[in-house]
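What follows is a single structure, written as structure tokens, with notes after it.
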Amino acid sequence: MRKTLLQQILMPAVSSLTPFKSWQYLKEMCAADFEPLDVQRGRREELLAEVLSFAYDETELYREKLDSIGISPQAAAQSDIFPRVSATTKQDLRTGFPARQLARSYRSAWLRYSNTSGTSGYPLQLIQDLQDICYKYAAILRSRMVAGVDPLGLQVRITPNECQPFVPEKAGRIGGDCSKLMPGRHAAFFKLLERQVLNRWFHRRYMLDPFWRHAAKGQGVDYSSYIKEIDRLRPDLLVIYPLYALLLAKHMRRTGTPAPRIRGIIDFSGGLCTPNVREFISQSFGVRTSQCCGGCEFSRYGASCEADPDRMHLAETHCYVETVHSDGSACEPGELGNLLVTNLHGRAMPIIRLESGDVGRIVEEPCECGRLSRRIEHAGRIQGMILNADGQWVASREIEQELLLVQGMELFQLVQQSPDQYELHVIPEPGERIDEAAVDQSLGRLLGASARIKKVRQATIHPEASWKLMLVKSNTFEEFRVASARRGKVPIN
Ligand SMILES: [Zn+2]
């Protein structure tokens, strides 16, 4: 009854009578997925030209960027010229915030302020206009449509960090003369709307605390309480950080605890799941899984479908995703590269060619599900890209695929100290013996025969400032980074 009311009456009515057009955008995004690739590409190029022209006219950041290479925004929108525009780093979004990034004509508009904590702990602040917010929400709903589930079902979320709305009256902390630029009264509206109305009554979203947040020092996570709570709520969608799901699945196997009841699927968010771990989680919980990718700057720009649970269909009319080599040139389809992402609809604070900090491959072959949008095969964070002693690049995803399900292994953390020296922190499963031979064989194959690996047993690994776990920490990844971002020696997050 609730779903019918929402989908048939309320959402279409809100979309046609108010500026909250998410439902209309959702329909358009879903239809675009089935259009031929060249039609999707043409539409994307039109949107790119619009956002480039706007950003050039309205913001200092992008005017300087284009002027520095002497290219007009109209020329920059052409697909062979666009890669010459330097990548935007997260530091570019912080320096001089908000004066350099906030579009002039939006300075008195209704704006939502959102912040997020990166892996390294530097907060990033974002400003979103109403249309951008509606596209972002539509992109989340689209990810559920692609995954083949009800977009408005009951959700339980257990993720390390969330993009939180904030009111910029505390702008003094941000620095600069923000008083004229930050109309706090409107930002407060969005915060109140989300926290008190939408999350509770509309989204039916239940947020559980990240793992380890309340665990006493030296003590583990109470997995049973999470399993009981999921079971009590019986969600349509368990939105969960993949490593949490893996730890819950291992706990269930070890203790014989039955899986919690989930009506729909598990939706991996905030991190990547390797195919073997995905299979193990799916079998342990007895439900299908889907994978999404994105970030606070974009919401979700990729989502997997029922036919292919590991690769994600790109929302081509929402964001433009490129893969580039470290010299900035475009990768061929199937080639591993840095992901640069452009938000095609954000106007208050345009985001163009942002170094997302992720690596992956884009594939163009059509999918069995019938969607023709390009798909992305994500390979993890760039800080996990290891250049091994044989001169080969190894992505964190490959190492996780090899080690996470080794007999007796609860978790691990591989820290590269020099091109051929590593420390492997090993967290054994309680009461289990680790299959050391399997670990040695896998690492020898991935890191090269000359790699020296010191193993250290630990009781736990500590999450990063974002509450995520970095299982692979490389000290050679900078060479993989796109050069225009690397030159400034700026952190990725
Ligand atoms: Zn598909």
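If you're wondering about the labels, chains in the structure tokens are A, B, ... by order shown, residues count from 1 in each chain, ligands from 1 in order shown.
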
Residues near His378 in chain A, cut-off 9 Å, only C-alpha atoms, skip fewer than 5 positions along chain, as a ChimeraX atom specification: /A:272,293,310-312,358-362,397

Write the residues of the selection above to a file with N, CA, C and O atoms, as a PDB file, in the first residue's frame.
```pdb
ATOM      1  N   LEU A 272      34.615  -2.099  -2.082  1.00  0.00           N
ATOM      2  CA  LEU A 272      34.481  -3.089  -3.149  1.00  0.00           C
ATOM      3  C   LEU A 272      34.463  -4.507  -2.619  1.00  0.00           C
ATOM      4  O   LEU A 272      35.133  -4.810  -1.641  1.00  0.00           O
ATOM      5  N   CYS A 293      29.142   2.118  -6.873  1.00  0.00           N
ATOM      6  CA  CYS A 293      30.299   2.976  -6.620  1.00  0.00           C
ATOM      7  C   CYS A 293      29.890   4.426  -6.802  1.00  0.00           C
ATOM      8  O   CYS A 293      28.900   4.728  -7.466  1.00  0.00           O
ATOM      9  N   ASP A 310      29.457  -8.042 -10.468  1.00  0.00           N
ATOM     10  CA  ASP A 310      30.769  -7.473 -10.155  1.00  0.00           C
ATOM     11  C   ASP A 310      31.098  -6.186 -10.908  1.00  0.00           C
ATOM     12  O   ASP A 310      31.881  -5.378 -10.430  1.00  0.00           O
ATOM     13  N   ARG A 311      30.539  -6.026 -12.108  1.00  0.00           N
ATOM     14  CA  ARG A 311      30.836  -4.809 -12.857  1.00  0.00           C
ATOM     15  C   ARG A 311      29.604  -3.899 -12.811  1.00  0.00           C
ATOM     16  O   ARG A 311      28.479  -4.378 -12.729  1.00  0.00           O
ATOM     17  N   MET A 312      29.833  -2.602 -12.886  1.00  0.00           N
ATOM     18  CA  MET A 312      28.736  -1.659 -12.642  1.00  0.00           C
ATOM     19  C   MET A 312      28.401  -0.825 -13.860  1.00  0.00           C
ATOM     20  O   MET A 312      29.296  -0.272 -14.501  1.00  0.00           O
ATOM     21  N   ASP A 358      40.201   6.371  -7.072  1.00  0.00           N
ATOM     22  CA  ASP A 358      39.920   4.968  -7.391  1.00  0.00           C
ATOM     23  C   ASP A 358      40.566   4.595  -8.717  1.00  0.00           C
ATOM     24  O   ASP A 358      40.845   5.457  -9.544  1.00  0.00           O
ATOM     25  N   VAL A 359      40.777   3.309  -8.895  1.00  0.00           N
ATOM     26  CA  VAL A 359      41.289   2.811 -10.176  1.00  0.00           C
ATOM     27  C   VAL A 359      40.334   1.746 -10.717  1.00  0.00           C
ATOM     28  O   VAL A 359      39.613   1.108  -9.951  1.00  0.00           O
ATOM     29  N   GLY A 360      40.333   1.605 -12.037  1.00  0.00           N
ATOM     30  CA  GLY A 360      39.430   0.609 -12.619  1.00  0.00           C
ATOM     31  C   GLY A 360      39.561   0.543 -14.132  1.00  0.00           C
ATOM     32  O   GLY A 360      40.418   1.205 -14.727  1.00  0.00           O
ATOM     33  N   ARG A 361      38.689  -0.293 -14.703  1.00  0.00           N
ATOM     34  CA  ARG A 361      38.652  -0.473 -16.166  1.00  0.00           C
ATOM     35  C   ARG A 361      37.226  -0.226 -16.633  1.00  0.00           C
ATOM     36  O   ARG A 361      36.284  -0.619 -15.939  1.00  0.00           O
ATOM     37  N   ILE A 362      37.099   0.344 -17.821  1.00  0.00           N
ATOM     38  CA  ILE A 362      35.760   0.526 -18.379  1.00  0.00           C
ATOM     39  C   ILE A 362      35.582  -0.469 -19.516  1.00  0.00           C
ATOM     40  O   ILE A 362      36.480  -0.619 -20.355  1.00  0.00           O
ATOM     41  N   ARG A 397      42.624  -5.014  -5.122  1.00  0.00           N
ATOM     42  CA  ARG A 397      41.567  -6.000  -5.348  1.00  0.00           C
ATOM     43  C   ARG A 397      42.140  -7.408  -5.576  1.00  0.00           C
ATOM     44  O   ARG A 397      41.588  -8.396  -5.094  1.00  0.00           O
TER      45      ARG A 397
END
```

Kindly work out which residues sit at most 12 Å from ligand 1, using only C-alpha atoms and all ligand atoms, and give the list as a ChimeraX atom specification. /A:33-34,143,145-148,290-291,302-314,363-376

Surrounding residues of Tyr106 in chain A excluding itself and chain neighbours under 5 positions, 9 Å, only C-alpha atoms, as a count of residues only: 5

Nearby residues (only C-alpha atoms) at most 9 Å from Leu93 in chain A, same-chain spacing under 4 positions excluded, as a list in words: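 Everything that qualifies: Leu61, Thr88, Thr89, Phe97, Pro98, Arg100, Gln101, Leu124, Gln125, Leu126 and Ile351 of chain A.
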
To one decimal place, how far is CA of Ser105 in chain A from CA of Ala55 in chain A in Å?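 So the two atoms, CA of Ser105 in chain A and CA of Ala55 in chain A, lie 10.9 Å apart.
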
In Å, rounded to a single decimal, give me how far CA of Leu404 in chain A is from CA of Gln392 in chain A. 21.6 Å

Nearest to Ile386 in chain A: which of A:Glu322, A:Asp80, A:Glu58, A:Glu478 is it, counting only C-alpha atoms?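 Using only C-alpha atoms, the shortest distance to Ile386 in chain A belongs to A:Glu478.
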